[in-house]
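A quick write-up on the structure given underneath.
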Amino acid sequence: MDRIDNQILHLLLDNARISLSEISSKVNLSVSAVSERLKKLENSEMIQQYTTILNPKAFHKDLTVIMLVTLNGFADDTEFTQYVLAEPAITEYYHIAGSYDCCLKIITENTSSLEQIFNKIRKCPSVVKTQSNMVLSTLKCNYSIEPPEAK
């Protein structure tokens with residue numbers, strides 16, 4: 001990856017809908033050269049996907065909670081995993097090392113809808129304990145890593 005690839009990636013991070021001609025003018029390459037570089041970045045899996053990020057508040061989802069979960073290591077966690085993967089309000093699910101086994105990010109309408117999610121999670125036989133932390137404000141939220149500086 002060189003300096004131009006780095007510039008292209010930064011432009012895409014700012015706006016994934018930027019046109020090839022706009023990228024081309026900003027990096028001083030032809031549209032076909034930019035297209036070829038993009039194909040190489042995609043094929044090398046440096047670009048994982050192009051996506052749209054929706055604003056939860058526009059859909060009246062005003063509550064974000066980080067839930068830490070401890071699972072019984074000997075119990076079958078299939079029910080828990082299936083529920084978490086199917087529940088649209090759970091937007092992120094990480095297996096983690098440390099005092100807890102999983103970290104969930106939940107974005108929902110209000111405490112009532114959150115309580116329903118909590119109750120379903122707590123009823124899963126493999127769930128031993130949970131700890132929930134309400135997000136008051138978000139100071140930083142990058143949806144992607146920054147590309148490394150070109151050499």
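Ordered as shown in the structure tokens, chains take letters A, B, and onward, while each chain numbers its residues from 1 and ligands are numbered from 1 in the order shown.
By only C-alpha atoms, and with residues fewer than 5 positions from His60 in chain A along its chain excluded, the set lying at most 12 Å from it is Leu54, Asn55, Ile107, Thr108, Glu109, Asn110 and Ser113 of chain A.
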**Study point:** Nearest residue to Val127 in chain A from the set A:Asp5, A:Asp76, A:Glu92, A:Glu146 (distances using only C-alpha atoms)
**Key:** A:Asp76
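Candidate residues A:Gln82, A:Tyr93, A:Thr70, A:Ser19 were compared for distance to Val31 in chain A, and the nearest is A:Ser19, using only C-alpha atoms.
Distance annotation: of A:Ser30, A:Leu13, A:Ile18, A:Leu114, the residue with the minimal separation from Lys61 in chain A is A:Leu114; atom set is only C-alpha atoms.
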Exercise for review: Using DSSP on the backbone coordinates, identify the residues of range 47-79 of chain A assigned to strand (DSSP E); present them as a PyMOL selection string.
Suggested key: chain A and resi 63-71
Practice item. As number ranges by chain, please: all residues of range 75-140 of chain A that backbone DSSP puts in alpha helix (DSSP H). Key: A: 78-86, 111-123
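We find CA of Asp77 in chain A and CA of Ser112 in chain A to be spaced 25.4 Å apart.
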Point to revise | Near-Ala75 in chain A list (10 Å; only C-alpha atoms; drop same-chain fewer than 5 positions) as a ChimeraX atom specification | key: /A:125-128
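If only C-alpha atoms are the atoms counted, then among A:Leu29, A:Ile117, A:Ala150, A:Ala58 the closest residue to Leu9 in chain A is A:Ala150.
Between Thr51 in chain A and the candidates A:Lys140, A:Lys129, A:Arg122, A:Arg17, the tightest atom-to-atom separation, counting only C-alpha atoms, involves A:Arg17.
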